[in-house]
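A.B. asks: Following this line is coords-v5.pdb, made up of PDB, C-alpha atoms and all ligand atoms:
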```
ATOM      1  CA  MET C   1      49.614 -12.325 218.531  1.00  0.00           C
ATOM      2  CA  ILE C   2      46.836 -10.014 219.808  1.00  0.00           C
ATOM      3  CA  LYS C   3      48.380  -6.549 220.113  1.00  0.00           C
ATOM      4  CA  ALA C   4      45.230  -4.506 220.752  1.00  0.00           C
ATOM      5  CA  LEU C   5      41.661  -4.847 221.996  1.00  0.00           C
ATOM      6  CA  ILE C   6      39.064  -2.569 220.366  1.00  0.00           C
ATOM      7  CA  PHE C   7      35.885  -1.997 222.386  1.00  0.00           C
ATOM      8  CA  ASP C   8      32.434  -0.908 221.349  1.00  0.00           C
ATOM      9  CA  VAL C   9      30.821   1.294 224.030  1.00  0.00           C
ATOM     10  CA  ASP C  10      27.035   1.135 224.307  1.00  0.00           C
ATOM     11  CA  GLY C  11      25.935  -2.298 225.432  1.00  0.00           C
ATOM     12  CA  THR C  12      29.510  -3.629 225.589  1.00  0.00           C
ATOM     13  CA  LEU C  13      31.383  -1.516 228.152  1.00  0.00           C
ATOM     14  CA  ALA C  14      28.131  -0.710 229.977  1.00  0.00           C
ATOM     15  CA  GLU C  15      24.366  -1.156 229.607  1.00  0.00           C
ATOM     16  CA  THR C  16      23.836   2.456 228.555  1.00  0.00           C
ATOM     17  CA  GLU C  17      20.903   2.325 226.123  1.00  0.00           C
ATOM     18  CA  ASP C  18      18.233   2.844 228.807  1.00  0.00           C
ATOM     19  CA  VAL C  19      20.088   6.054 229.760  1.00  0.00           C
ATOM     20  CA  HIS C  20      20.196   7.093 226.093  1.00  0.00           C
ATOM     21  CA  LEU C  21      16.436   6.406 225.957  1.00  0.00           C
ATOM     22  CA  ARG C  22      15.814   8.637 229.017  1.00  0.00           C
ATOM     23  CA  ALA C  23      17.950  11.376 227.447  1.00  0.00           C
ATOM     24  CA  PHE C  24      16.097  11.225 224.119  1.00  0.00           C
ATOM     25  CA  ASN C  25      12.738  11.545 225.938  1.00  0.00           C
ATOM     26  CA  GLN C  26      14.037  14.444 228.057  1.00  0.00           C
ATOM     27  CA  ALA C  27      15.140  16.246 224.878  1.00  0.00           C
ATOM     28  CA  PHE C  28      11.761  15.642 223.221  1.00  0.00           C
ATOM     29  CA  ALA C  29      10.102  17.146 226.320  1.00  0.00           C
ATOM     30  CA  ASP C  30      12.418  20.182 226.107  1.00  0.00           C
ATOM     31  CA  PHE C  31      11.186  20.786 222.550  1.00  0.00           C
ATOM     32  CA  LYS C  32       7.531  20.136 223.577  1.00  0.00           C
ATOM     33  CA  LEU C  33       7.131  17.618 220.744  1.00  0.00           C
ATOM     34  CA  GLY C  34       4.771  15.250 222.556  1.00  0.00           C
ATOM     35  CA  TRP C  35       7.027  12.348 221.501  1.00  0.00           C
ATOM     36  CA  HIS C  36       7.838   9.558 223.954  1.00  0.00           C
ATOM     37  CA  TRP C  37       9.849   6.479 223.009  1.00  0.00           C
ATOM     38  CA  ASP C  38       9.180   3.346 225.113  1.00  0.00           C
ATOM     39  CA  ARG C  39      11.539   0.356 225.323  1.00  0.00           C
ATOM     40  CA  ALA C  40       9.617  -1.673 222.716  1.00  0.00           C
ATOM     41  CA  LEU C  41       9.837   1.161 220.157  1.00  0.00           C
ATOM     42  CA  TYR C  42      13.452   1.917 221.116  1.00  0.00           C
ATOM     43  CA  THR C  43      14.398  -1.746 220.542  1.00  0.00           C
ATOM     44  CA  GLU C  44      13.158  -1.309 216.964  1.00  0.00           C
ATOM     45  CA  LEU C  45      14.749   2.144 216.520  1.00  0.00           C
ATOM     46  CA  LEU C  46      18.138   0.785 217.668  1.00  0.00           C
ATOM     47  CA  LYS C  47      18.389  -0.909 214.283  1.00  0.00           C
ATOM     48  CA  VAL C  48      19.477   2.574 213.138  1.00  0.00           C
ATOM     49  CA  THR C  49      22.820   3.576 214.637  1.00  0.00           C
ATOM     50  CA  GLY C  50      23.567   7.184 215.527  1.00  0.00           C
ATOM     51  CA  GLY C  51      21.203   9.382 217.534  1.00  0.00           C
ATOM     52  CA  LYS C  52      20.596  11.974 214.811  1.00  0.00           C
ATOM     53  CA  GLU C  53      20.038   9.220 212.226  1.00  0.00           C
ATOM     54  CA  ARG C  54      17.673   7.470 214.684  1.00  0.00           C
ATOM     55  CA  ILE C  55      15.564  10.634 215.138  1.00  0.00           C
ATOM     56  CA  ARG C  56      15.403  11.113 211.339  1.00  0.00           C
ATOM     57  CA  HIS C  57      14.324   7.442 210.918  1.00  0.00           C
ATOM     58  CA  PHE C  58      11.628   7.901 213.604  1.00  0.00           C
ATOM     59  CA  ILE C  59      10.231  10.976 211.807  1.00  0.00           C
ATOM     60  CA  ASP C  60      10.279   9.323 208.386  1.00  0.00           C
ATOM     61  CA  ARG C  61       8.724   6.086 209.718  1.00  0.00           C
ATOM     62  CA  TYR C  62       6.298   7.334 212.392  1.00  0.00           C
ATOM     63  CA  GLN C  63       5.858  11.103 211.876  1.00  0.00           C
ATOM     64  CA  PRO C  64       5.787  11.552 208.083  1.00  0.00           C
ATOM     65  CA  GLU C  65       3.723  14.712 208.603  1.00  0.00           C
ATOM     66  CA  ASN C  66       6.863  16.165 210.212  1.00  0.00           C
ATOM     67  CA  GLY C  67       9.027  15.013 207.334  1.00  0.00           C
ATOM     68  CA  GLU C  68      10.102  18.587 206.711  1.00  0.00           C
ATOM     69  CA  TYR C  69      11.980  18.714 210.046  1.00  0.00           C
ATOM     70  CA  ALA C  70      15.304  20.193 208.997  1.00  0.00           C
ATOM     71  CA  SER C  71      18.560  18.480 209.842  1.00  0.00           C
ATOM     72  CA  ALA C  72      19.480  21.618 211.805  1.00  0.00           C
ATOM     73  CA  LEU C  73      16.523  21.070 214.167  1.00  0.00           C
ATOM     74  CA  ILE C  74      17.395  17.391 214.553  1.00  0.00           C
ATOM     75  CA  ALA C  75      20.997  18.330 215.347  1.00  0.00           C
ATOM     76  CA  GLN C  76      19.721  20.852 217.932  1.00  0.00           C
ATOM     77  CA  MET C  77      17.505  18.176 219.540  1.00  0.00           C
ATOM     78  CA  HIS C  78      20.436  15.764 219.540  1.00  0.00           C
ATOM     79  CA  ARG C  79      22.719  18.277 221.251  1.00  0.00           C
ATOM     80  CA  ALA C  80      20.084  18.606 224.008  1.00  0.00           C
ATOM     81  CA  LYS C  81      19.888  14.828 224.239  1.00  0.00           C
ATOM     82  CA  THR C  82      23.674  14.580 224.614  1.00  0.00           C
ATOM     83  CA  ARG C  83      23.610  17.186 227.406  1.00  0.00           C
ATOM     84  CA  HIS C  84      20.961  15.138 229.242  1.00  0.00           C
ATOM     85  CA  TYR C  85      22.849  11.874 228.629  1.00  0.00           C
ATOM     86  CA  THR C  86      26.203  13.136 229.907  1.00  0.00           C
ATOM     87  CA  ALA C  87      24.503  14.666 232.975  1.00  0.00           C
ATOM     88  CA  LEU C  88      22.839  11.328 233.802  1.00  0.00           C
ATOM     89  CA  ILE C  89      26.154   9.489 233.350  1.00  0.00           C
ATOM     90  CA  ASP C  90      27.987  12.051 235.514  1.00  0.00           C
ATOM     91  CA  GLU C  91      25.361  11.355 238.232  1.00  0.00           C
ATOM     92  CA  GLY C  92      26.382   7.664 238.168  1.00  0.00           C
ATOM     93  CA  ALA C  93      23.521   6.255 236.088  1.00  0.00           C
ATOM     94  CA  VAL C  94      25.537   3.201 235.004  1.00  0.00           C
ATOM     95  CA  GLU C  95      28.545   1.104 235.939  1.00  0.00           C
ATOM     96  CA  LEU C  96      30.774  -1.051 233.732  1.00  0.00           C
ATOM     97  CA  ARG C  97      29.415  -4.472 232.808  1.00  0.00           C
ATOM     98  CA  ALA C  98      30.716  -7.609 234.569  1.00  0.00           C
ATOM     99  CA  GLY C  99      34.355  -8.372 233.809  1.00  0.00           C
ATOM    100  CA  VAL C 100      35.029  -5.244 231.749  1.00  0.00           C
ATOM    101  CA  HIS C 101      37.240  -3.419 234.286  1.00  0.00           C
ATOM    102  CA  MET C 102      39.296  -6.570 234.970  1.00  0.00           C
ATOM    103  CA  LEU C 103      39.682  -7.253 231.226  1.00  0.00           C
ATOM    104  CA  LEU C 104      40.871  -3.692 230.556  1.00  0.00           C
ATOM    105  CA  ARG C 105      43.284  -3.772 233.502  1.00  0.00           C
ATOM    106  CA  ASN C 106      44.729  -7.240 232.772  1.00  0.00           C
ATOM    107  CA  ALA C 107      45.111  -6.557 229.049  1.00  0.00           C
ATOM    108  CA  ALA C 108      46.984  -3.309 229.728  1.00  0.00           C
ATOM    109  CA  GLU C 109      49.199  -5.016 232.365  1.00  0.00           C
ATOM    110  CA  HIS C 110      50.084  -7.673 229.746  1.00  0.00           C
ATOM    111  CA  GLY C 111      51.127  -5.073 227.185  1.00  0.00           C
ATOM    112  CA  MET C 112      47.992  -5.128 225.021  1.00  0.00           C
ATOM    113  CA  ARG C 113      46.924  -1.732 223.692  1.00  0.00           C
ATOM    114  CA  LEU C 114      43.325  -0.554 224.148  1.00  0.00           C
ATOM    115  CA  ALA C 115      41.065   1.330 221.736  1.00  0.00           C
ATOM    116  CA  ILE C 116      37.423   2.305 221.338  1.00  0.00           C
ATOM    117  CA  ALA C 117      35.299   2.158 218.171  1.00  0.00           C
ATOM    118  CA  THR C 118      31.785   3.458 218.793  1.00  0.00           C
ATOM    119  CA  THR C 119      28.827   5.059 217.040  1.00  0.00           C
ATOM    120  CA  THR C 120      27.962   7.169 220.061  1.00  0.00           C
ATOM    121  CA  SER C 121      29.084  10.797 220.335  1.00  0.00           C
ATOM    122  CA  LEU C 122      32.529  11.527 221.799  1.00  0.00           C
ATOM    123  CA  PRO C 123      31.197  13.508 224.823  1.00  0.00           C
ATOM    124  CA  ASN C 124      29.187  10.422 225.786  1.00  0.00           C
ATOM    125  CA  VAL C 125      32.299   8.209 225.700  1.00  0.00           C
ATOM    126  CA  GLU C 126      34.308  10.703 227.749  1.00  0.00           C
ATOM    127  CA  ALA C 127      31.525  10.982 230.341  1.00  0.00           C
ATOM    128  CA  LEU C 128      31.207   7.187 230.663  1.00  0.00           C
ATOM    129  CA  LEU C 129      34.977   6.625 231.018  1.00  0.00           C
ATOM    130  CA  ARG C 130      35.242   9.474 233.562  1.00  0.00           C
ATOM    131  CA  ALA C 131      32.311   8.194 235.634  1.00  0.00           C
ATOM    132  CA  THR C 132      33.358   4.521 235.636  1.00  0.00           C
ATOM    133  CA  LEU C 133      37.168   4.534 235.398  1.00  0.00           C
ATOM    134  CA  GLY C 134      38.174   7.930 236.770  1.00  0.00           C
ATOM    135  CA  THR C 135      39.206  11.312 235.433  1.00  0.00           C
ATOM    136  CA  ASP C 136      42.283  10.073 233.499  1.00  0.00           C
ATOM    137  CA  ALA C 137      40.518   7.033 232.055  1.00  0.00           C
ATOM    138  CA  ASN C 138      40.679   8.143 228.449  1.00  0.00           C
ATOM    139  CA  LYS C 139      44.502   7.913 228.723  1.00  0.00           C
ATOM    140  CA  MET C 140      44.040   4.095 229.000  1.00  0.00           C
ATOM    141  CA  PHE C 141      42.971   4.089 225.335  1.00  0.00           C
ATOM    142  CA  ASP C 142      45.458   4.764 222.539  1.00  0.00           C
ATOM    143  CA  VAL C 143      42.583   5.547 220.162  1.00  0.00           C
ATOM    144  CA  ILE C 144      38.987   6.653 220.742  1.00  0.00           C
ATOM    145  CA  ALA C 145      37.130   6.518 217.399  1.00  0.00           C
ATOM    146  CA  ALA C 146      33.570   7.810 217.900  1.00  0.00           C
ATOM    147  CA  GLY C 147      30.367   9.127 216.367  1.00  0.00           C
ATOM    148  CA  ASP C 148      30.676  11.743 213.650  1.00  0.00           C
ATOM    149  CA  GLN C 149      34.440  11.230 213.186  1.00  0.00           C
ATOM    150  CA  VAL C 150      33.453   8.948 210.291  1.00  0.00           C
ATOM    151  CA  PRO C 151      30.995   9.572 207.430  1.00  0.00           C
ATOM    152  CA  ASN C 152      29.332   6.148 207.631  1.00  0.00           C
ATOM    153  CA  LYS C 153      28.266   4.714 210.995  1.00  0.00           C
ATOM    154  CA  LYS C 154      28.034   1.007 211.900  1.00  0.00           C
ATOM    155  CA  PRO C 155      27.398  -1.464 210.244  1.00  0.00           C
ATOM    156  CA  ALA C 156      29.795   0.290 207.846  1.00  0.00           C
ATOM    157  CA  PRO C 157      33.447  -0.531 208.737  1.00  0.00           C
ATOM    158  CA  ASP C 158      34.536   3.140 208.883  1.00  0.00           C
ATOM    159  CA  VAL C 159      34.890   3.532 212.658  1.00  0.00           C
ATOM    160  CA  TYR C 160      36.851   0.280 213.014  1.00  0.00           C
ATOM    161  CA  LEU C 161      39.095   1.230 210.076  1.00  0.00           C
ATOM    162  CA  LEU C 162      39.716   4.588 211.799  1.00  0.00           C
ATOM    163  CA  ALA C 163      40.671   2.730 215.003  1.00  0.00           C
ATOM    164  CA  LEU C 164      43.052   0.393 213.100  1.00  0.00           C
ATOM    165  CA  SER C 165      44.638   3.374 211.366  1.00  0.00           C
ATOM    166  CA  GLY C 166      45.098   5.197 214.685  1.00  0.00           C
ATOM    167  CA  LEU C 167      46.661   2.081 216.225  1.00  0.00           C
ATOM    168  CA  GLY C 168      48.860   1.450 213.183  1.00  0.00           C
ATOM    169  CA  LEU C 169      47.940  -2.238 213.384  1.00  0.00           C
ATOM    170  CA  LYS C 170      46.511  -4.828 211.005  1.00  0.00           C
ATOM    171  CA  ALA C 171      43.035  -6.294 211.570  1.00  0.00           C
ATOM    172  CA  ASP C 172      44.399  -9.740 212.487  1.00  0.00           C
ATOM    173  CA  GLU C 173      46.579  -8.210 215.229  1.00  0.00           C
ATOM    174  CA  CYS C 174      43.445  -6.978 217.011  1.00  0.00           C
ATOM    175  CA  LEU C 175      40.307  -8.301 218.673  1.00  0.00           C
ATOM    176  CA  ALA C 176      36.975  -6.402 218.694  1.00  0.00           C
ATOM    177  CA  PHE C 177      34.356  -6.585 221.466  1.00  0.00           C
ATOM    178  CA  GLU C 178      30.758  -5.859 220.479  1.00  0.00           C
ATOM    179  CA  ASP C 179      27.169  -6.345 221.701  1.00  0.00           C
ATOM    180  CA  SER C 180      25.085  -5.885 218.540  1.00  0.00           C
ATOM    181  CA  GLU C 181      24.538  -7.222 215.033  1.00  0.00           C
ATOM    182  CA  ASN C 182      25.364  -3.826 213.501  1.00  0.00           C
ATOM    183  CA  GLY C 183      28.557  -3.681 215.547  1.00  0.00           C
ATOM    184  CA  LEU C 184      29.577  -7.210 214.599  1.00  0.00           C
ATOM    185  CA  ARG C 185      28.959  -6.472 210.902  1.00  0.00           C
ATOM    186  CA  SER C 186      31.043  -3.317 211.168  1.00  0.00           C
ATOM    187  CA  ALA C 187      34.022  -5.071 212.798  1.00  0.00           C
ATOM    188  CA  LEU C 188      33.843  -8.047 210.401  1.00  0.00           C
ATOM    189  CA  ALA C 189      33.690  -5.672 207.422  1.00  0.00           C
ATOM    190  CA  ALA C 190      37.006  -4.327 208.737  1.00  0.00           C
ATOM    191  CA  GLU C 191      38.130  -8.004 208.999  1.00  0.00           C
ATOM    192  CA  ILE C 192      38.654  -7.814 212.769  1.00  0.00           C
ATOM    193  CA  PRO C 193      37.944 -11.029 214.738  1.00  0.00           C
ATOM    194  CA  THR C 194      35.082 -10.186 217.092  1.00  0.00           C
ATOM    195  CA  VAL C 195      33.842 -11.408 220.476  1.00  0.00           C
ATOM    196  CA  ILE C 196      30.180 -10.755 221.316  1.00  0.00           C
ATOM    197  CA  SER C 197      28.941  -9.884 224.802  1.00  0.00           C
ATOM    198  CA  LYS C 198      25.140  -9.930 224.430  1.00  0.00           C
ATOM    199  CA  SER C 199      23.337  -6.940 225.987  1.00  0.00           C
ATOM    200  CA  VAL C 200      19.751  -6.396 227.120  1.00  0.00           C
ATOM    201  CA  TYR C 201      18.725  -4.881 223.760  1.00  0.00           C
ATOM    202  CA  THR C 202      20.547  -7.418 221.569  1.00  0.00           C
ATOM    203  CA  LEU C 203      19.704 -10.860 222.981  1.00  0.00           C
ATOM    204  CA  HIS C 204      17.735 -11.645 219.795  1.00  0.00           C
ATOM    205  CA  HIS C 205      20.393 -10.442 217.316  1.00  0.00           C
ATOM    206  CA  ASP C 206      22.126 -12.660 214.695  1.00  0.00           C
ATOM    207  CA  PHE C 207      25.809 -13.053 215.638  1.00  0.00           C
ATOM    208  CA  GLU C 208      26.871 -15.235 212.701  1.00  0.00           C
ATOM    209  CA  GLY C 209      30.614 -14.814 212.107  1.00  0.00           C
ATOM    210  CA  ALA C 210      31.582 -13.944 215.696  1.00  0.00           C
ATOM    211  CA  GLU C 211      34.613 -15.743 217.227  1.00  0.00           C
ATOM    212  CA  LEU C 212      32.613 -16.264 220.404  1.00  0.00           C
ATOM    213  CA  VAL C 213      29.146 -15.254 221.719  1.00  0.00           C
ATOM    214  CA  LEU C 214      29.017 -14.738 225.491  1.00  0.00           C
ATOM    215  CA  PRO C 215      26.378 -13.536 227.989  1.00  0.00           C
ATOM    216  CA  ASP C 216      29.029 -11.139 229.342  1.00  0.00           C
ATOM    217  CA  LEU C 217      32.822 -10.721 229.647  1.00  0.00           C
ATOM    218  CA  SER C 218      33.070 -11.801 233.302  1.00  0.00           C
ATOM    219  CA  THR C 219      35.255 -14.873 232.628  1.00  0.00           C
ATOM    220  CA  TYR C 220      36.723 -13.890 229.246  1.00  0.00           C
ATOM    221  CA  TRP C 221      40.177 -12.974 230.570  1.00  0.00           C
ATOM    222  CA  ASP C 222      40.625 -16.172 232.659  1.00  0.00           C
ATOM    223  CA  ASP C 223      39.029 -18.527 230.129  1.00  0.00           C
ATOM    224  CA  HIS C 224      40.450 -17.127 226.911  1.00  0.00           C
ATOM    225  CA  LEU C 225      42.642 -14.055 226.671  1.00  0.00           C
ATOM    226  CA  SER C 226      45.076 -14.881 229.488  1.00  0.00           C
ATOM    227  CA  GLN C 227      46.308 -17.812 227.365  1.00  0.00           C
ATOM    228  CA  LEU C 228      47.103 -15.410 224.494  1.00  0.00           C
ATOM    229  CA  ALA C 229      48.892 -12.814 226.630  1.00  0.00           C
TER     230      ALA C 229
HETATM  231  C1  LIG C 301      25.282   2.800 220.000  1.00  0.00           C
HETATM  232  C2  LIG C 301      24.575   3.744 219.121  1.00  0.00           C
HETATM  233  C3  LIG C 301      24.486   5.191 219.525  1.00  0.00           C
HETATM  234  C4  LIG C 301      23.737   5.325 220.844  1.00  0.00           C
HETATM  235  C5  LIG C 301      23.231   6.734 221.054  1.00  0.00           C
HETATM  236  O1  LIG C 301      26.642   3.001 219.721  1.00  0.00           O
HETATM  237  O2  LIG C 301      24.100   3.355 218.066  1.00  0.00           O
HETATM  238  O3  LIG C 301      23.775   5.869 218.512  1.00  0.00           O
HETATM  239  O4  LIG C 301      22.574   4.476 220.788  1.00  0.00           O
HETATM  240  O5  LIG C 301      24.338   7.618 221.057  1.00  0.00           O
HETATM  241  P1  LIG C 301      27.746   1.794 219.971  1.00  0.00           P
HETATM  242  P2  LIG C 301      24.274   8.948 220.140  1.00  0.00           P
HETATM  243  O6  LIG C 301      27.004   0.526 220.317  1.00  0.00           O
HETATM  244  O7  LIG C 301      28.492   1.718 218.650  1.00  0.00           O
HETATM  245  O8  LIG C 301      28.592   2.293 221.111  1.00  0.00           O
HETATM  246  O9  LIG C 301      22.919   9.590 220.389  1.00  0.00           O
HETATM  247  O10 LIG C 301      25.430   9.812 220.608  1.00  0.00           O
HETATM  248  O11 LIG C 301      24.441   8.453 218.736  1.00  0.00           O
HETATM  249 MG    MG C 302      26.991  -1.368 221.066  1.00  0.00          MG
END
```
Mind turning the file's structure into structure tokens?
Ligand code: XBP
Ligand code: MG

C.D. replies:
Amino acid sequence: MIKALIFDVDGTLAETEDVHLRAFNQAFADFKLGWHWDRALYTELLKVTGGKERIRHFIDRYQPENGEYASALIAQMHRAKTRHYTALIDEGAVELRAGVHMLLRNAAEHGMRLAIATTTSLPNVEALLRATLGTDANKMFDVIAAGDQVPNKKPAPDVYLLALSGLGLKADECLAFEDSENGLRSALAAEIPTVISKSVYTLHHDFEGAELVLPDLSTYWDDHLSQLA
């Protein structure tokens, strides 16, 4: 019996990575670094989860002469990026992906609990839920496990294990919804059955081990979950 649905955020609830990309570039401009990430480079950098970790990877891989950039400066850049991201989201930069709102609503109406397990920073989750589901939206979720709440980001299982612990449920009582290979590996490492909703940055990813791989969640409730409710 499925007792809870655990959702990834970026790429799954909404196509947010282009907004993250804009926010990173705005932060780099703030710091007058002369850096500009385009979509092709960002597609490669997305292999590294976590914004601070992604900036560090970019420096090590593409700016070795700046290798001495201290973690404190990266954290400062990332705080600026998060301010830009949440402002863009507050302005209505994205909406939920097809079928997501109906899936959340129907699952809750049928007594399924809802949770979030994401690599993105908590302020980003709160801004997205507020902008797309309303000011009390975070009350829809029993657990929001995000960003730096865990030591090891996806594909490590930490954030999904934190969500399971917060729910007080076993892995096989839950279903995870993801968009990326790192996310799928994280959920499977926590032994949670996982449904993939491919996103614009993950069409080419390897989804071996997923229960189902879909272009989006628009028919998932009617075609699948309603029979389990
Ligand atoms: C996606 C990520 C995050 C975002 C950027 O998280 O890997 O790092 O790209 O957000 P998920 P931050 O798919 O698990 O939701 O800069 O706050 O990390
Ligand atoms: Mg994702």

A.B. asks: Expressed in Å to a single decimal, how great is the separation between CA of Lys153 in chain C and CA of Val195 in chain C?

C.D. replies: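 Spanning CA of Lys153 in chain C to CA of Val195 in chain C is a straight-line distance of 19.5 Å.
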
A.B. asks: Taking all listed atoms of range 49-55 of chain C, build the axis-aligned box, pad each of the six sides by 8 Å, then write its centre and edge lengths in Å to one decimal as lines of an AutoDock Vina configuration file.

C.D. replies:
```
center_x = 19.6
center_y = 7.8
center_z = 214.9
size_x = 24.0
size_y = 24.4
size_z = 21.3
```

A.B. asks: Hey, which bits of chain C sit within 10 Å of ligand MG 302 (chain C), and for each residue what's the closest pair of atoms and how far apart in Å (one decimal), counting all atoms listed in the file, rows by chain and increasing number, as JSON lines?

C.D. replies:
```
{"residue": "C:Phe7", "atom": "CA", "partner": "C:MG302", "partner_atom": "MG", "distance": 9.0}
{"residue": "C:Asp8", "atom": "CA", "partner": "C:MG302", "partner_atom": "MG", "distance": 5.5}
{"residue": "C:Val9", "atom": "CA", "partner": "C:MG302", "partner_atom": "MG", "distance": 5.5}
{"residue": "C:Asp10", "atom": "CA", "partner": "C:MG302", "partner_atom": "MG", "distance": 4.1}
{"residue": "C:Gly11", "atom": "CA", "partner": "C:MG302", "partner_atom": "MG", "distance": 4.6}
{"residue": "C:Thr12", "atom": "CA", "partner": "C:MG302", "partner_atom": "MG", "distance": 5.6}
{"residue": "C:Leu13", "atom": "CA", "partner": "C:MG302", "partner_atom": "MG", "distance": 8.3}
{"residue": "C:Ala14", "atom": "CA", "partner": "C:MG302", "partner_atom": "MG", "distance": 9.0}
{"residue": "C:Glu15", "atom": "CA", "partner": "C:MG302", "partner_atom": "MG", "distance": 8.9}
{"residue": "C:Thr16", "atom": "CA", "partner": "C:MG302", "partner_atom": "MG", "distance": 9.0}
{"residue": "C:Glu17", "atom": "CA", "partner": "C:MG302", "partner_atom": "MG", "distance": 8.7}
{"residue": "C:Leu46", "atom": "CA", "partner": "C:MG302", "partner_atom": "MG", "distance": 9.7}
{"residue": "C:Thr49", "atom": "CA", "partner": "C:MG302", "partner_atom": "MG", "distance": 9.1}
{"residue": "C:Ala117", "atom": "CA", "partner": "C:MG302", "partner_atom": "MG", "distance": 9.5}
{"residue": "C:Thr118", "atom": "CA", "partner": "C:MG302", "partner_atom": "MG", "distance": 7.2}
{"residue": "C:Thr119", "atom": "CA", "partner": "C:MG302", "partner_atom": "MG", "distance": 7.8}
{"residue": "C:Thr120", "atom": "CA", "partner": "C:MG302", "partner_atom": "MG", "distance": 8.7}
{"residue": "C:Lys154", "atom": "CA", "partner": "C:MG302", "partner_atom": "MG", "distance": 9.5}
{"residue": "C:Phe177", "atom": "CA", "partner": "C:MG302", "partner_atom": "MG", "distance": 9.0}
{"residue": "C:Glu178", "atom": "CA", "partner": "C:MG302", "partner_atom": "MG", "distance": 5.9}
{"residue": "C:Asp179", "atom": "CA", "partner": "C:MG302", "partner_atom": "MG", "distance": 5.0}
{"residue": "C:Ser180", "atom": "CA", "partner": "C:MG302", "partner_atom": "MG", "distance": 5.5}
{"residue": "C:Glu181", "atom": "CA", "partner": "C:MG302", "partner_atom": "MG", "distance": 8.8}
{"residue": "C:Asn182", "atom": "CA", "partner": "C:MG302", "partner_atom": "MG", "distance": 8.1}
{"residue": "C:Gly183", "atom": "CA", "partner": "C:MG302", "partner_atom": "MG", "distance": 6.2}
{"residue": "C:Leu184", "atom": "CA", "partner": "C:MG302", "partner_atom": "MG", "distance": 9.1}
{"residue": "C:Ile196", "atom": "CA", "partner": "C:MG302", "partner_atom": "MG", "distance": 9.9}
{"residue": "C:Ser197", "atom": "CA", "partner": "C:MG302", "partner_atom": "MG", "distance": 9.5}
{"residue": "C:Lys198", "atom": "CA", "partner": "C:MG302", "partner_atom": "MG", "distance": 9.4}
{"residue": "C:Ser199", "atom": "CA", "partner": "C:MG302", "partner_atom": "MG", "distance": 8.3}
{"residue": "C:Tyr201", "atom": "CA", "partner": "C:MG302", "partner_atom": "MG", "distance": 9.4}
{"residue": "C:Thr202", "atom": "CA", "partner": "C:MG302", "partner_atom": "MG", "distance": 8.9}
```

A.B. asks: Applying the PyMOL selection byres (((chain C and resi 42) around 12) and not hetatm) to the file I just gave you, which residues come out? Please list them as a list in words.

C.D. replies: Glu17, Asp18, Val19, His20, Leu21, Arg22, Phe24, Asn25, His36, Trp37, Asp38, Arg39, Ala40, Leu41, Thr43, Glu44, Leu45, Leu46, Lys47, Val48, Thr49, Gly51, Arg54, Ile55, His57, Phe58, Tyr201 and Thr202 of chain C

A.B. asks: Quick one, how far is CA of Pro123 in chain C from CA of Pro151 in chain C?

C.D. replies: 17.8 Å

A.B. asks: For a quick check of understanding, using all atoms listed in the file, which of C:Ala108, C:Val100, C:Ala187, C:Leu133 has the smallest distance to ligand LIG 301 (chain C)?

C.D. replies: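 Looking at the shortest contact to ligand LIG 301 (chain C), the residue is C:Ala187.
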
A.B. asks: For a cut-off of 7 Å around (22.5, 10.4, 226.4), file coordinates, pick out all residues using all atoms listed in the file and list them as a ChimeraX atom specification.

C.D. replies: /C:19-20,23-24,81-86,124

A.B. asks: In the coordinates of the file, take the point (30.6, 6.1, 232.6) and a cut-off of 10 Å; then, counting all atoms listed in the file, name each qualifying protein, DNA or RNA residue as an mmCIF file with C-alpha atoms, in the coordinates of the input.

C.D. replies:
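File result-v9.cif, as written:
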```
data_model
loop_
_atom_site.group_PDB
_atom_site.id
_atom_site.type_symbol
_atom_site.label_atom_id
_atom_site.label_comp_id
_atom_site.auth_asym_id
_atom_site.auth_seq_id
_atom_site.Cartn_x
_atom_site.Cartn_y
_atom_site.Cartn_z
ATOM 1 C CA VAL C 9 30.821 1.294 224.030
ATOM 2 C CA LEU C 13 31.383 -1.516 228.152
ATOM 3 C CA ALA C 14 28.131 -0.710 229.977
ATOM 4 C CA THR C 16 23.836 2.456 228.555
ATOM 5 C CA THR C 86 26.203 13.136 229.907
ATOM 6 C CA LEU C 88 22.839 11.328 233.802
ATOM 7 C CA ILE C 89 26.154 9.489 233.350
ATOM 8 C CA ASP C 90 27.987 12.051 235.514
ATOM 9 C CA GLU C 91 25.361 11.355 238.232
ATOM 10 C CA GLY C 92 26.382 7.664 238.168
ATOM 11 C CA ALA C 93 23.521 6.255 236.088
ATOM 12 C CA VAL C 94 25.537 3.201 235.004
ATOM 13 C CA GLU C 95 28.545 1.104 235.939
ATOM 14 C CA LEU C 96 30.774 -1.051 233.732
ATOM 15 C CA ASN C 124 29.187 10.422 225.786
ATOM 16 C CA VAL C 125 32.299 8.209 225.700
ATOM 17 C CA GLU C 126 34.308 10.703 227.749
ATOM 18 C CA ALA C 127 31.525 10.982 230.341
ATOM 19 C CA LEU C 128 31.207 7.187 230.663
ATOM 20 C CA LEU C 129 34.977 6.625 231.018
ATOM 21 C CA ARG C 130 35.242 9.474 233.562
ATOM 22 C CA ALA C 131 32.311 8.194 235.634
ATOM 23 C CA THR C 132 33.358 4.521 235.636
ATOM 24 C CA LEU C 133 37.168 4.534 235.398
ATOM 25 C CA GLY C 134 38.174 7.930 236.770
ATOM 26 C CA ALA C 137 40.518 7.033 232.055
#
```

A.B. asks: Measuring atom to atom with only C-alpha atoms, identify which of C:Glu109, C:Glu191, C:Glu65, C:Glu208 is nearest to Ala156 in chain C.

C.D. replies: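 Of all the options, C:Glu191 lies closest to Ala156 in chain C.
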
A.B. asks: So that I can check the surroundings of Ile192 in chain C, please list as number ranges by chain every protein, DNA and RNA residue that reaches within 12 Å of it, counting all atoms listed in the file and ignoring chain neighbours fewer than 3 positions away.

C.D. replies: C: 2, 4-7, 117, 157, 159-161, 163-164, 169-178, 183-189, 195, 209-211
